[in-house]
$ cat input-v7.txt   # compact mmCIF, C-alpha atoms
# COMPACT_ATOMS: atom_id res chain seq x y z
CA MET A 1 52.72 3.84 -52.51
CA ILE A 2 49.98 1.19 -52.48
CA GLY A 3 49.97 -0.91 -55.66
CA VAL A 4 46.92 -1.52 -57.82
CA ASP A 5 47.31 -5.29 -57.46
CA TYR A 6 47.35 -4.92 -53.69
CA LEU A 7 44.00 -3.14 -53.70
CA PHE A 8 42.21 -4.80 -56.60
CA GLY A 9 43.85 -8.22 -56.98
CA PHE A 10 43.17 -11.24 -54.77
CA ASN A 11 45.66 -13.34 -52.84
CA ARG A 12 44.51 -16.89 -53.55
CA GLU A 13 45.74 -18.38 -50.31
CA LEU A 14 44.25 -15.67 -48.10
CA ILE A 15 40.98 -15.31 -50.01
CA SER A 16 40.43 -19.06 -49.72
CA ARG A 17 40.72 -18.72 -45.93
CA VAL A 18 38.26 -15.83 -45.99
CA PHE A 19 35.74 -17.84 -47.98
CA ARG A 20 36.15 -20.95 -45.82
CA ILE A 21 35.07 -18.81 -42.91
CA SER A 22 32.63 -16.58 -44.77
CA LEU A 23 30.61 -18.99 -46.92
CA PRO A 24 28.92 -20.88 -44.06
CA MET A 25 28.17 -17.52 -42.43
CA LEU A 26 26.95 -16.20 -45.74
CA ILE A 27 24.52 -19.10 -46.03
CA SER A 28 23.44 -18.53 -42.45
CA GLU A 29 22.84 -14.81 -43.03
CA ILE A 30 20.93 -15.48 -46.25
CA ALA A 31 18.78 -17.96 -44.35
CA SER A 32 18.22 -15.28 -41.72
CA SER A 33 17.20 -12.87 -44.47
CA ILE A 34 14.78 -15.46 -45.84
CA TYR A 35 13.30 -15.74 -42.38
CA SER A 36 12.92 -11.94 -42.11
CA VAL A 37 11.07 -11.82 -45.41
CA THR A 38 8.94 -14.84 -44.45
CA ASP A 39 8.14 -13.22 -41.11
CA MET A 40 7.05 -10.06 -42.93
CA TYR A 41 4.99 -12.14 -45.38
CA PHE A 42 3.01 -13.75 -42.56
CA VAL A 43 2.56 -10.51 -40.61
CA LYS A 44 1.27 -8.62 -43.66
CA GLY A 45 -1.88 -10.75 -43.45
CA LEU A 46 -2.73 -8.93 -40.23
CA GLY A 47 -2.97 -5.62 -42.09
CA GLU A 48 -1.08 -2.37 -42.60
CA ASP A 49 -1.05 -1.44 -38.91
CA ALA A 50 0.52 -4.76 -37.88
CA LEU A 51 3.18 -4.60 -40.60
CA GLY A 52 4.19 -1.08 -39.62
CA ALA A 53 4.11 -2.05 -35.93
CA VAL A 54 6.62 -4.88 -36.40
CA GLY A 55 8.91 -2.47 -38.24
CA ILE A 56 8.81 0.13 -35.46
CA GLY A 57 8.99 -2.49 -32.69
CA SER A 58 12.01 -4.12 -34.31
CA TYR A 59 13.88 -0.83 -34.57
CA PHE A 60 13.25 -0.13 -30.87
CA PHE A 61 14.25 -3.66 -29.87
CA TRP A 62 17.63 -3.25 -31.56
CA LEU A 63 18.32 -0.38 -29.19
CA PHE A 64 18.05 -2.88 -26.32
CA THR A 65 20.54 -5.24 -27.93
CA VAL A 66 23.21 -2.71 -26.98
CA ILE A 67 23.70 -4.72 -23.79
CA LEU A 68 24.29 -7.82 -25.92
CA SER A 69 26.96 -6.11 -28.00
CA MET A 70 28.77 -4.89 -24.87
CA PHE A 71 29.48 -8.51 -23.96
CA ASN A 72 29.19 -10.26 -27.30
CA GLY A 73 31.30 -7.83 -29.33
CA GLY A 74 34.22 -7.99 -26.93
CA LEU A 75 33.86 -11.76 -26.68
CA MET A 76 34.37 -12.17 -30.44
CA VAL A 77 37.71 -10.34 -30.45
CA TYR A 78 38.88 -11.87 -27.16
CA ILE A 79 38.19 -15.49 -28.12
CA ALA A 80 39.63 -15.01 -31.64
CA GLN A 81 42.89 -13.67 -30.22
CA ALA A 82 43.00 -16.27 -27.40
CA TYR A 83 42.45 -19.03 -29.95
CA GLY A 84 45.17 -17.61 -32.20
CA ALA A 85 47.53 -17.57 -29.22
CA ARG A 86 46.45 -21.15 -28.30
CA GLU A 87 45.25 -20.08 -24.83
CA LEU A 88 41.98 -22.07 -24.70
CA ASP A 89 41.61 -21.73 -20.94
CA LYS A 90 41.27 -17.96 -21.31
CA ALA A 91 38.68 -18.51 -24.05
CA ARG A 92 36.62 -20.82 -21.81
CA ARG A 93 36.78 -18.38 -18.90
CA GLY A 94 35.87 -15.44 -21.09
CA LEU A 95 32.83 -17.24 -22.47
CA GLY A 96 31.66 -18.27 -18.99
CA GLU A 97 31.87 -14.75 -17.60
CA THR A 98 30.13 -13.31 -20.64
CA LEU A 99 27.19 -15.69 -20.26
CA VAL A 100 26.70 -15.06 -16.54
CA TYR A 101 27.12 -11.30 -16.36
CA GLY A 102 25.55 -10.74 -19.76
CA ALA A 103 22.43 -12.70 -18.80
CA ILE A 104 22.04 -10.76 -15.54
CA ALA A 105 22.41 -7.42 -17.31
CA SER A 106 20.02 -8.38 -20.12
CA ILE A 107 17.34 -9.46 -17.62
CA LEU A 108 17.46 -6.02 -15.99
CA ILE A 109 17.40 -4.20 -19.34
CA GLY A 110 14.57 -6.40 -20.63
CA VAL A 111 12.39 -5.60 -17.61
CA ILE A 112 13.06 -1.88 -18.04
CA GLY A 113 12.05 -2.16 -21.70
CA TYR A 114 8.83 -3.92 -20.73
CA ILE A 115 7.95 -1.08 -18.34
CA ILE A 116 8.77 1.96 -20.47
CA GLY A 117 8.29 0.47 -23.94
CA TYR A 118 4.80 1.72 -24.71
CA GLN A 119 5.51 5.38 -23.93
CA VAL A 120 8.67 5.39 -26.04
CA LEU A 121 7.02 3.64 -28.98
CA VAL A 122 4.20 6.19 -28.96
CA LEU A 123 6.86 8.89 -29.08
CA ILE A 124 8.59 7.18 -32.02
CA ARG A 125 5.28 6.70 -33.83
CA GLY A 126 4.28 10.31 -33.22
CA GLN A 127 0.80 9.44 -31.99
CA GLU A 128 -1.11 6.96 -29.84
CA ASP A 129 -2.84 4.65 -32.32
CA LEU A 130 -3.26 0.99 -33.25
CA THR A 131 0.20 0.83 -34.84
CA ALA A 132 1.84 2.01 -31.60
CA THR A 133 -0.21 -0.46 -29.53
CA LEU A 134 0.71 -3.41 -31.73
CA ALA A 135 4.36 -2.31 -31.81
CA TYR A 136 4.44 -2.52 -27.99
CA LYS A 137 2.80 -5.96 -27.99
CA TYR A 138 5.54 -7.18 -30.32
CA PHE A 139 8.35 -5.41 -28.47
CA ARG A 140 7.46 -6.49 -24.93
CA ILE A 141 7.76 -10.19 -25.84
CA ARG A 142 11.12 -9.60 -27.51
CA SER A 143 12.41 -7.58 -24.54
CA LEU A 144 11.60 -10.32 -22.01
CA GLY A 145 13.42 -12.82 -24.23
CA LEU A 146 16.57 -10.70 -24.28
CA PRO A 147 18.62 -13.04 -21.99
CA LEU A 148 18.00 -16.00 -24.31
CA THR A 149 19.01 -13.88 -27.27
CA LEU A 150 22.28 -12.95 -25.53
CA ILE A 151 23.14 -16.57 -24.72
CA SER A 152 22.33 -17.70 -28.26
CA TRP A 153 24.42 -14.93 -29.84
CA SER A 154 27.37 -15.48 -27.48
CA LEU A 155 27.59 -19.20 -28.16
CA SER A 156 27.30 -18.73 -31.92
CA THR A 157 29.88 -15.93 -31.81
CA SER A 158 32.32 -18.20 -30.01
CA LEU A 159 32.06 -20.78 -32.78
CA VAL A 160 32.73 -18.09 -35.38
CA ALA A 161 35.70 -16.71 -33.42
CA ILE A 162 37.51 -20.07 -33.59
CA GLY A 163 36.72 -20.47 -37.29
CA GLU A 164 33.90 -23.03 -36.89
CA THR A 165 31.44 -21.05 -38.97
CA ARG A 166 29.97 -24.20 -40.51
CA LYS A 167 28.80 -25.40 -37.10
CA SER A 168 27.49 -21.93 -36.30
CA MET A 169 25.60 -22.09 -39.60
CA TYR A 170 24.00 -25.43 -38.66
CA ALA A 171 22.85 -24.04 -35.32
CA ASN A 172 21.44 -20.82 -36.78
CA ILE A 173 19.71 -22.40 -39.76
CA THR A 174 18.02 -24.98 -37.53
CA GLY A 175 16.74 -22.16 -35.31
CA ILE A 176 15.55 -20.18 -38.34
CA ALA A 177 13.72 -23.20 -39.79
CA PHE A 178 12.03 -23.72 -36.43
CA ASN A 179 11.02 -20.05 -36.46
CA ILE A 180 9.49 -20.22 -39.93
CA VAL A 181 7.37 -23.21 -38.90
CA LEU A 182 6.19 -21.51 -35.72
CA ASP A 183 5.36 -18.15 -37.32
CA PRO A 184 2.02 -19.06 -38.98
CA LEU A 185 1.08 -21.35 -36.09
CA LEU A 186 1.52 -18.67 -33.44
CA ILE A 187 0.42 -15.66 -35.50
CA TYR A 188 -2.84 -17.12 -36.85
CA GLY A 189 -3.38 -20.15 -34.59
CA TYR A 190 -3.97 -23.79 -35.48
CA ASP A 191 -5.53 -26.59 -33.39
CA TYR A 192 -3.82 -26.26 -30.00
CA PHE A 193 -1.88 -23.14 -31.00
CA PRO A 194 -3.64 -19.86 -30.03
CA ALA A 195 -3.79 -16.97 -32.52
CA LEU A 196 -1.40 -14.43 -30.96
CA GLY A 197 -0.98 -11.97 -33.84
CA VAL A 198 2.20 -9.87 -33.71
CA GLU A 199 2.98 -11.34 -30.28
CA GLY A 200 3.13 -14.76 -31.94
CA ALA A 201 5.80 -13.51 -34.34
CA ALA A 202 7.90 -12.30 -31.40
CA LEU A 203 7.42 -15.52 -29.43
CA ALA A 204 8.44 -17.64 -32.42
CA THR A 205 11.73 -15.72 -32.60
CA ILE A 206 12.47 -16.32 -28.91
CA LEU A 207 11.75 -20.05 -29.14
CA SER A 208 14.06 -20.32 -32.14
CA ASN A 209 16.85 -18.75 -30.06
CA VAL A 210 16.49 -21.60 -27.58
CA ILE A 211 17.03 -24.18 -30.32
CA THR A 212 20.05 -22.28 -31.65
CA LEU A 213 21.77 -21.96 -28.28
CA LEU A 214 21.34 -25.65 -27.43
CA ILE A 215 22.95 -26.74 -30.70
CA ALA A 216 25.76 -24.17 -30.46
CA TYR A 217 26.54 -25.24 -26.90
CA TYR A 218 26.83 -28.86 -28.00
CA TYR A 219 29.30 -27.94 -30.76
CA LEU A 220 31.43 -25.88 -28.38
CA THR A 221 31.78 -28.83 -26.01
CA LEU A 222 33.17 -30.86 -28.94
CA HIS A 223 35.96 -28.28 -29.29
CA ASP A 224 36.78 -28.27 -25.58
CA LEU A 225 35.28 -24.80 -25.19
CA LYS A 226 32.66 -25.55 -22.59
CA PRO A 227 32.08 -22.28 -20.67
CA CYS A 228 34.11 -22.09 -17.45
CA LEU A 229 32.61 -20.26 -14.49
CA CYS A 230 35.98 -19.78 -12.73
CA PHE A 231 35.78 -16.01 -12.61
CA ASN A 232 38.74 -13.76 -13.36
CA ILE A 233 38.12 -10.04 -13.13
CA LEU A 234 41.01 -9.27 -15.49
CA ILE A 235 39.46 -11.36 -18.28
CA LEU A 236 36.08 -9.69 -17.79
CA LYS A 237 37.78 -6.30 -17.81
CA ASN A 238 39.52 -7.10 -21.12
CA ILE A 239 36.28 -8.28 -22.70
CA LEU A 240 34.39 -5.19 -21.54
CA SER A 241 37.23 -2.88 -22.62
CA LEU A 242 36.64 -4.25 -26.12
CA GLY A 243 32.89 -4.55 -25.84
CA ILE A 244 31.95 -1.19 -24.29
CA PRO A 245 33.04 0.84 -27.34
CA ILE A 246 31.06 -1.58 -29.52
CA ALA A 247 28.06 -1.16 -27.20
CA VAL A 248 28.42 2.62 -27.33
CA GLU A 249 28.51 2.39 -31.12
CA ARG A 250 25.43 0.16 -31.12
CA ALA A 251 23.64 2.53 -28.73
CA ILE A 252 24.49 5.54 -30.85
CA PHE A 253 23.48 3.70 -34.00
CA SER A 254 20.27 2.26 -32.54
CA LEU A 255 19.23 5.60 -31.06
CA GLY A 256 20.00 7.22 -34.38
CA ASN A 257 17.99 4.61 -36.24
CA ASN A 258 15.02 5.22 -33.95
CA LEU A 259 15.30 8.96 -34.59
CA TYR A 260 15.55 8.15 -38.29
CA MET A 261 12.48 5.91 -38.04
CA GLY A 262 10.69 8.73 -36.22
CA VAL A 263 11.36 11.02 -39.18
CA ILE A 264 10.04 8.39 -41.58
CA SER A 265 6.95 7.56 -39.49
CA ARG A 266 5.88 11.19 -39.67
CA CYS A 267 5.78 10.88 -43.45
CA GLY A 268 2.65 8.72 -43.16
CA LYS A 269 1.54 5.10 -42.99
CA ALA A 270 2.55 4.37 -46.59
CA ALA A 271 6.10 5.54 -45.85
CA ILE A 272 6.36 3.33 -42.73
CA ASN A 273 5.14 0.25 -44.57
CA ALA A 274 7.38 0.91 -47.60
CA HIS A 275 10.41 1.38 -45.35
CA THR A 276 9.64 -1.80 -43.39
CA ILE A 277 9.29 -3.84 -46.57
CA GLY A 278 12.39 -2.28 -48.12
CA VAL A 279 14.58 -2.91 -45.06
CA ARG A 280 13.49 -6.54 -44.75
CA VAL A 281 14.10 -7.25 -48.44
CA GLU A 282 17.39 -5.35 -48.32
CA SER A 283 18.57 -7.75 -45.62
CA PHE A 284 19.32 -10.16 -48.48
CA ILE A 285 22.05 -7.70 -49.45
CA TYR A 286 23.47 -6.30 -46.23
CA MET A 287 23.08 -9.32 -43.96
CA PRO A 288 25.65 -11.26 -46.04
CA GLY A 289 27.90 -8.25 -45.49
CA PHE A 290 27.93 -9.19 -41.82
CA ALA A 291 29.38 -12.55 -42.83
CA PHE A 292 32.44 -10.94 -44.39
CA SER A 293 32.68 -8.38 -41.60
CA ILE A 294 32.62 -10.96 -38.81
CA ALA A 295 34.85 -13.40 -40.72
CA GLY A 296 37.37 -10.62 -41.26
CA SER A 297 37.20 -9.73 -37.57
CA ALA A 298 37.81 -13.35 -36.52
CA LEU A 299 40.69 -13.93 -38.95
CA VAL A 300 42.39 -10.63 -38.19
CA GLY A 301 41.99 -11.33 -34.47
CA GLN A 302 43.54 -14.78 -34.79
CA SER A 303 46.55 -13.35 -36.66
CA ILE A 304 47.00 -10.56 -34.13
CA GLY A 305 46.86 -13.16 -31.32
CA ALA A 306 49.59 -15.12 -33.12
CA GLU A 307 51.57 -11.84 -33.48
CA LYS A 308 51.45 -11.86 -37.30
CA ILE A 309 50.45 -8.26 -37.92
CA ASP A 310 51.27 -8.11 -41.66
CA ASN A 311 49.25 -11.26 -42.25
CA ALA A 312 46.42 -9.74 -40.22
CA LYS A 313 46.26 -6.66 -42.42
CA ALA A 314 46.46 -8.71 -45.62
CA ILE A 315 43.68 -11.14 -44.71
CA GLY A 316 41.45 -8.31 -43.50
CA LEU A 317 41.88 -6.60 -46.85
CA GLU A 318 40.85 -9.78 -48.67
CA ALA A 319 37.65 -9.87 -46.60
CA ILE A 320 36.93 -6.24 -47.49
CA LYS A 321 37.44 -6.83 -51.21
CA ALA A 322 35.28 -9.96 -51.18
CA ALA A 323 32.47 -8.05 -49.44
CA LEU A 324 32.73 -5.22 -51.95
CA VAL A 325 32.48 -7.49 -55.00
CA PHE A 326 29.65 -9.60 -53.61
CA MET A 327 27.50 -6.74 -52.32
CA THR A 328 27.99 -4.60 -55.43
CA ILE A 329 26.72 -7.36 -57.72
CA ILE A 330 23.73 -8.29 -55.60
CA GLY A 331 22.96 -4.60 -54.99
CA LEU A 332 22.74 -3.88 -58.72
CA VAL A 333 20.48 -6.89 -59.28
CA THR A 334 18.20 -5.72 -56.46
CA ALA A 335 18.00 -2.16 -57.78
CA LEU A 336 17.11 -3.33 -61.29
CA SER A 337 14.38 -5.71 -60.10
CA SER A 338 13.04 -3.70 -57.14
CA TYR A 339 9.44 -3.42 -58.37
CA TYR A 340 9.06 -7.18 -58.82
CA ILE A 341 10.88 -8.12 -55.61
CA THR A 342 8.60 -6.00 -53.41
CA ALA A 343 5.33 -7.08 -55.05
CA PRO A 344 4.63 -10.20 -52.91
CA PHE A 345 4.93 -8.23 -49.65
CA ILE A 346 2.54 -5.36 -50.32
CA PRO A 347 -0.46 -5.46 -47.92
CA GLU A 348 -3.93 -5.11 -49.38
CA GLY A 349 -5.64 -1.77 -48.84
CA GLU A 350 -6.18 1.68 -50.26
CA LEU A 351 -2.49 2.53 -49.86
CA SER A 352 -1.21 -0.54 -51.72
CA GLU A 353 -0.09 1.24 -54.90
CA GLU A 354 1.64 4.03 -53.00
CA ILE A 355 3.40 1.55 -50.72
CA HIS A 356 4.56 -0.50 -53.71
CA ALA A 357 5.95 2.54 -55.53
CA LEU A 358 7.80 3.83 -52.46
CA ALA A 359 9.19 0.40 -51.51
CA SER A 360 10.58 0.06 -55.04
CA ILE A 361 12.29 3.46 -54.82
CA TYR A 362 13.79 2.52 -51.46
CA LEU A 363 15.31 -0.66 -52.90
CA ILE A 364 16.76 1.20 -55.88
CA LEU A 365 18.60 3.61 -53.56
CA ALA A 366 19.57 0.84 -51.15
CA GLY A 367 20.85 -1.41 -53.92
CA LEU A 368 23.01 1.34 -55.40
CA SER A 369 24.42 2.18 -51.95
CA GLU A 370 25.74 -1.35 -51.28
CA PRO A 371 29.35 -0.73 -52.39
CA GLY A 372 29.65 1.98 -49.73
CA LEU A 373 27.98 -0.21 -47.14
CA ALA A 374 30.31 -3.11 -47.98
CA LEU A 375 33.36 -0.92 -47.37
CA ALA A 376 31.90 0.38 -44.09
CA MET A 377 30.90 -3.00 -42.66
CA ALA A 378 33.94 -5.05 -43.69
CA SER A 379 36.50 -2.34 -42.83
CA ALA A 380 34.93 -1.80 -39.40
CA GLY A 381 34.94 -5.56 -38.75
CA ALA A 382 38.62 -5.90 -39.64
CA ILE A 383 39.53 -2.90 -37.47
CA ARG A 384 37.68 -4.41 -34.49
CA GLY A 385 39.45 -7.74 -35.01
CA ALA A 386 42.74 -5.85 -34.77
CA GLY A 387 41.78 -4.94 -31.19
CA ASN A 388 40.60 -1.38 -31.86
CA THR A 389 36.89 -1.13 -31.16
CA ARG A 390 36.84 2.62 -30.49
CA LEU A 391 37.64 3.99 -33.94
CA PRO A 392 34.51 2.64 -35.70
CA VAL A 393 32.41 4.30 -32.98
CA ILE A 394 33.72 7.75 -33.84
CA VAL A 395 33.36 7.35 -37.60
CA ASN A 396 29.91 5.75 -37.51
CA ALA A 397 28.49 8.27 -35.03
CA PHE A 398 29.78 11.22 -37.03
CA SER A 399 28.38 9.90 -40.28
CA LEU A 400 25.03 8.71 -38.93
CA TYR A 401 24.02 11.91 -37.17
CA LEU A 402 25.58 14.56 -39.40
CA LEU A 403 25.11 12.91 -42.77
CA ARG A 404 21.92 10.85 -42.34
CA ILE A 405 19.64 12.08 -39.56
CA LEU A 406 20.19 15.84 -39.82
CA PRO A 407 19.85 15.95 -43.64
CA SER A 408 16.83 13.63 -43.53
CA ILE A 409 14.99 16.01 -41.17
CA ILE A 410 15.55 18.79 -43.68
CA LEU A 411 14.98 16.85 -46.91
CA VAL A 412 11.64 15.26 -45.91
CA GLN A 413 10.19 18.76 -45.71
CA TYR A 414 10.72 19.13 -49.45
CA ILE A 415 10.63 15.67 -51.06
CA GLY A 416 9.04 13.49 -48.39
CA VAL A 417 10.38 10.12 -47.29
CA ILE A 418 12.61 9.86 -50.38
CA GLY A 419 14.69 12.65 -48.86
CA ALA A 420 15.43 10.48 -45.82
CA TRP A 421 16.52 7.64 -48.10
CA ILE A 422 18.83 9.95 -50.10
CA ALA A 423 20.48 10.97 -46.82
CA MET A 424 21.01 7.27 -46.03
CA PHE A 425 22.66 6.81 -49.43
CA ILE A 426 25.15 9.62 -48.76
CA ASP A 427 25.87 8.40 -45.22
CA VAL A 428 26.95 4.86 -46.14
CA TYR A 429 29.34 5.99 -48.87
CA VAL A 430 31.10 8.58 -46.73
CA ARG A 431 31.38 6.14 -43.82
CA GLY A 432 32.74 3.37 -46.04
CA ILE A 433 35.40 5.54 -47.68
CA ILE A 434 36.63 6.91 -44.33
CA LEU A 435 36.89 3.50 -42.62
CA PHE A 436 38.59 1.87 -45.61
CA THR A 437 41.14 4.69 -45.86
CA ILE A 438 41.96 4.37 -42.16
CA TYR A 439 42.39 0.62 -42.52
CA ILE A 440 44.78 0.94 -45.46
CA LYS A 441 46.80 3.88 -44.14
CA ARG A 442 46.87 3.33 -40.35
CA PHE A 443 46.46 -0.40 -39.67
CA HIS A 444 49.83 -0.92 -37.93
CA ARG A 445 49.14 2.02 -35.64
CA ILE A 446 45.66 0.93 -34.55
CA ALA A 447 46.25 -2.83 -34.11
CA ARG A 448 46.86 -4.21 -30.59
CA LYS A 449 46.96 -7.56 -28.83
CA VAL A 450 44.56 -7.94 -25.88
CA VAL A 451 45.18 -11.47 -24.52
$ encode --input "input-v7.txt" --output "structure tokens"
Amino acid sequence: MIGVDYLFGFNRELISRVFRISLPMLISEIASSIYSVTDMYFVKGLGEDALGAVGIGSYFFWLFTVILSMFNGGLMVYIAQAYGARELDKARRGLGETLVYGAIASILIGVIGYIIGYQVLVLIRGQEDLTATLAYKYFRIRSLGLPLTLISWSLSTSLVAIGETRKSMYANITGIAFNIVLDPLLIYGYDYFPALGVEGAALATILSNVITLLIAYYYLTLHDLKPCLCFNILILKNILSLGIPIAVERAIFSLGNNLYMGVISRCGKAAINAHTIGVRVESFIYMPGFAFSIAGSALVGQSIGAEKIDNAKAIGLEAIKAALVFMTIIGLVTALSSYYITAPFIPEGELSEEIHALASIYLILAGLSEPGLALAMASAGAIRGAGNTRLPVIVNAFSLYLLRILPSIILVQYIGVIGAWIAMFIDVYVRGIILFTIYIKRFHRIARKVV
């Protein structure tokens, strides 16, 4: 029998470790959310078509980050466990192989995206119009910058895996600040800067990744984790054995999100714009959830590497509870103030009032769904840190397709885009409850050491 204190109380020693890791990441993710909203604020000046285009292009780009998660996701667990076992040489070798092979793979995928992107985006949009054209202009720049994104993410992930989230925060916030400065310069032009429109927004993101990766690399060298290019096929195999299930999950999720976006885009331009605004503003809620998820993954991984399985389960649970409390509070605040939060981001035009009303409804549903999302994200992160990256794939795929996409296709026929958002609400709660139950009931069976 699991005690009430075990589930609802906090272990002061363990929760302090969670927050030491999580708070810098939390600040970093909030800064990233601020950037996303700022990016949307600048793009909205280009009109309704441009705002919708960035939303569609971003969804499609995330499908291409599957290749990043195949390397980066496995790298997180591998380095965390290697660091916990005090085998730094394996960590250095793992990072080196990830950077080399990941960069090669991302170059190939980025070129493919550049070639086929327009046709797929037209399919997602449902028609060949200005929105689809602008979405491709945004996407093609992001796809060619995929290798830089992989390197930046891998270096930052390595810092997180060894518990240096404060240094990861410094690197990411500097890159975000650089991005915010470049956005208006490259979107609208100024003096020597050309006006590039939505392409400028994409280019600013890529340049910020360069700044982030340079700073992260410097910090890693201070911790004697300079990437080693002494290749070992066994290490690469271990990383990919962890990363491939994560990549499959990301592919399934990204494909599902693009199908979901396709359903929404067919509800009209107001629905696309409202969804884009709602998702960007919602990032203030769910992006911090990544902080607790990744922190839990790193801490659980370190304990598993040190062969302390009971401690691993306990500290993962603390991360889950912290995510639940934080995201529930901020979700309620967002739901109650949704109309006022969305107001600054509504583009001018004949659809303004409809967009504002729909964006507010989206945030109400999203805010009230945050407890379920907190359970899903943090539980999945802790399970991955335990060395089991396959289980979240099964649960997330089942929930996404059967409880979100399929119902949304049906519900939009009767209540429009709100039906798709109701399906999302149901999906996150079911997914969260299932993953949390598995974590509590089956942790010792699913945990494994990989280094």
$ residues_near_point --input "input-v7.txt" --point "(34.9, -19.3, -37.2)" --cutoff "9 Å" --atoms "all atoms listed in the file" --output "number ranges by chain"
A: 20-22, 25, 80, 157-168, 294-295, 298-299
$ residues_near_point --input "input-v7.txt" --point "(24.4, 11.1, -33.4)" --cutoff "9 Å" --atoms "all atoms listed in the file" --output "NGL selection string"
:A and (252-253 or 255-256 or 396-402 or 405)
$ residues_around --input "input-v7.txt" --residues "range 133-149 of chain A" --least-positions-apart "6" --cutoff "10 Å" --atoms "all atoms listed in the file" --output "mmCIF file with C-alpha atoms, in the frame of the given file"
data_model
loop_
_atom_site.group_PDB
_atom_site.id
_atom_site.type_symbol
_atom_site.label_atom_id
_atom_site.label_comp_id
_atom_site.auth_asym_id
_atom_site.auth_seq_id
_atom_site.Cartn_x
_atom_site.Cartn_y
_atom_site.Cartn_z
ATOM 1 C CA ASP A 49 -1.050 -1.440 -38.910
ATOM 2 C CA ALA A 50 0.520 -4.760 -37.880
ATOM 3 C CA LEU A 51 3.180 -4.600 -40.600
ATOM 4 C CA GLY A 52 4.190 -1.080 -39.620
ATOM 5 C CA ALA A 53 4.110 -2.050 -35.930
ATOM 6 C CA VAL A 54 6.620 -4.880 -36.400
ATOM 7 C CA GLY A 55 8.910 -2.470 -38.240
ATOM 8 C CA ILE A 56 8.810 0.130 -35.460
ATOM 9 C CA GLY A 57 8.990 -2.490 -32.690
ATOM 10 C CA SER A 58 12.010 -4.120 -34.310
ATOM 11 C CA TYR A 59 13.880 -0.830 -34.570
ATOM 12 C CA PHE A 60 13.250 -0.130 -30.870
ATOM 13 C CA PHE A 61 14.250 -3.660 -29.870
ATOM 14 C CA TRP A 62 17.630 -3.250 -31.560
ATOM 15 C CA PHE A 64 18.050 -2.880 -26.320
ATOM 16 C CA THR A 65 20.540 -5.240 -27.930
ATOM 17 C CA ILE A 67 23.700 -4.720 -23.790
ATOM 18 C CA LEU A 68 24.290 -7.820 -25.920
ATOM 19 C CA LEU A 99 27.190 -15.690 -20.260
ATOM 20 C CA VAL A 100 26.700 -15.060 -16.540
ATOM 21 C CA GLY A 102 25.550 -10.740 -19.760
ATOM 22 C CA ALA A 103 22.430 -12.700 -18.800
ATOM 23 C CA ILE A 104 22.040 -10.760 -15.540
ATOM 24 C CA ALA A 105 22.410 -7.420 -17.310
ATOM 25 C CA SER A 106 20.020 -8.380 -20.120
ATOM 26 C CA ILE A 107 17.340 -9.460 -17.620
ATOM 27 C CA LEU A 108 17.460 -6.020 -15.990
ATOM 28 C CA ILE A 109 17.400 -4.200 -19.340
ATOM 29 C CA GLY A 110 14.570 -6.400 -20.630
ATOM 30 C CA VAL A 111 12.390 -5.600 -17.610
ATOM 31 C CA ILE A 112 13.060 -1.880 -18.040
ATOM 32 C CA GLY A 113 12.050 -2.160 -21.700
ATOM 33 C CA TYR A 114 8.830 -3.920 -20.730
ATOM 34 C CA ILE A 115 7.950 -1.080 -18.340
ATOM 35 C CA ILE A 116 8.770 1.960 -20.470
ATOM 36 C CA GLY A 117 8.290 0.470 -23.940
ATOM 37 C CA TYR A 118 4.800 1.720 -24.710
ATOM 38 C CA GLN A 119 5.510 5.380 -23.930
ATOM 39 C CA VAL A 120 8.670 5.390 -26.040
ATOM 40 C CA LEU A 121 7.020 3.640 -28.980
ATOM 41 C CA VAL A 122 4.200 6.190 -28.960
ATOM 42 C CA ARG A 125 5.280 6.700 -33.830
ATOM 43 C CA LEU A 196 -1.400 -14.430 -30.960
ATOM 44 C CA GLY A 197 -0.980 -11.970 -33.840
ATOM 45 C CA VAL A 198 2.200 -9.870 -33.710
ATOM 46 C CA GLU A 199 2.980 -11.340 -30.280
ATOM 47 C CA GLY A 200 3.130 -14.760 -31.940
ATOM 48 C CA ALA A 201 5.800 -13.510 -34.340
ATOM 49 C CA ALA A 202 7.900 -12.300 -31.400
ATOM 50 C CA LEU A 203 7.420 -15.520 -29.430
ATOM 51 C CA ALA A 204 8.440 -17.640 -32.420
ATOM 52 C CA THR A 205 11.730 -15.720 -32.600
ATOM 53 C CA ILE A 206 12.470 -16.320 -28.910
ATOM 54 C CA LEU A 207 11.750 -20.050 -29.140
ATOM 55 C CA SER A 208 14.060 -20.320 -32.140
ATOM 56 C CA ASN A 209 16.850 -18.750 -30.060
ATOM 57 C CA VAL A 210 16.490 -21.600 -27.580
ATOM 58 C CA THR A 212 20.050 -22.280 -31.650
ATOM 59 C CA LEU A 213 21.770 -21.960 -28.280
#
$ closest_residue --input "input-v7.txt" --among "A:Thr437, A:Thr98, A:Ser32, A:Gln413" --to "Asn232 in chain A" --atoms "all atoms listed in the file"
A:Thr98
$ closest_residue --input "input-v7.txt" --among "A:Leu332, A:Met40, A:Ala195, A:Leu130" --to "Ala274 in chain A" --atoms "only C-alpha atoms"
A:Met40
$ residues_around --input "input-v7.txt" --residues "Val37 in chain A" --least-positions-apart "5" --cutoff "9 Å" --atoms "only C-alpha atoms" --output "list in words"
Ser32, Phe42, Ile277, Arg280, Val281, Ser283, Phe284 and Phe345 of chain A
$ residues_around --input "input-v7.txt" --residues "range 87-90 of chain A" --least-positions-apart "5" --cutoff "8 Å" --atoms "all atoms listed in the file" --output "list in words"
Ile79, Ala82, Leu225 and Ile235 of chain A
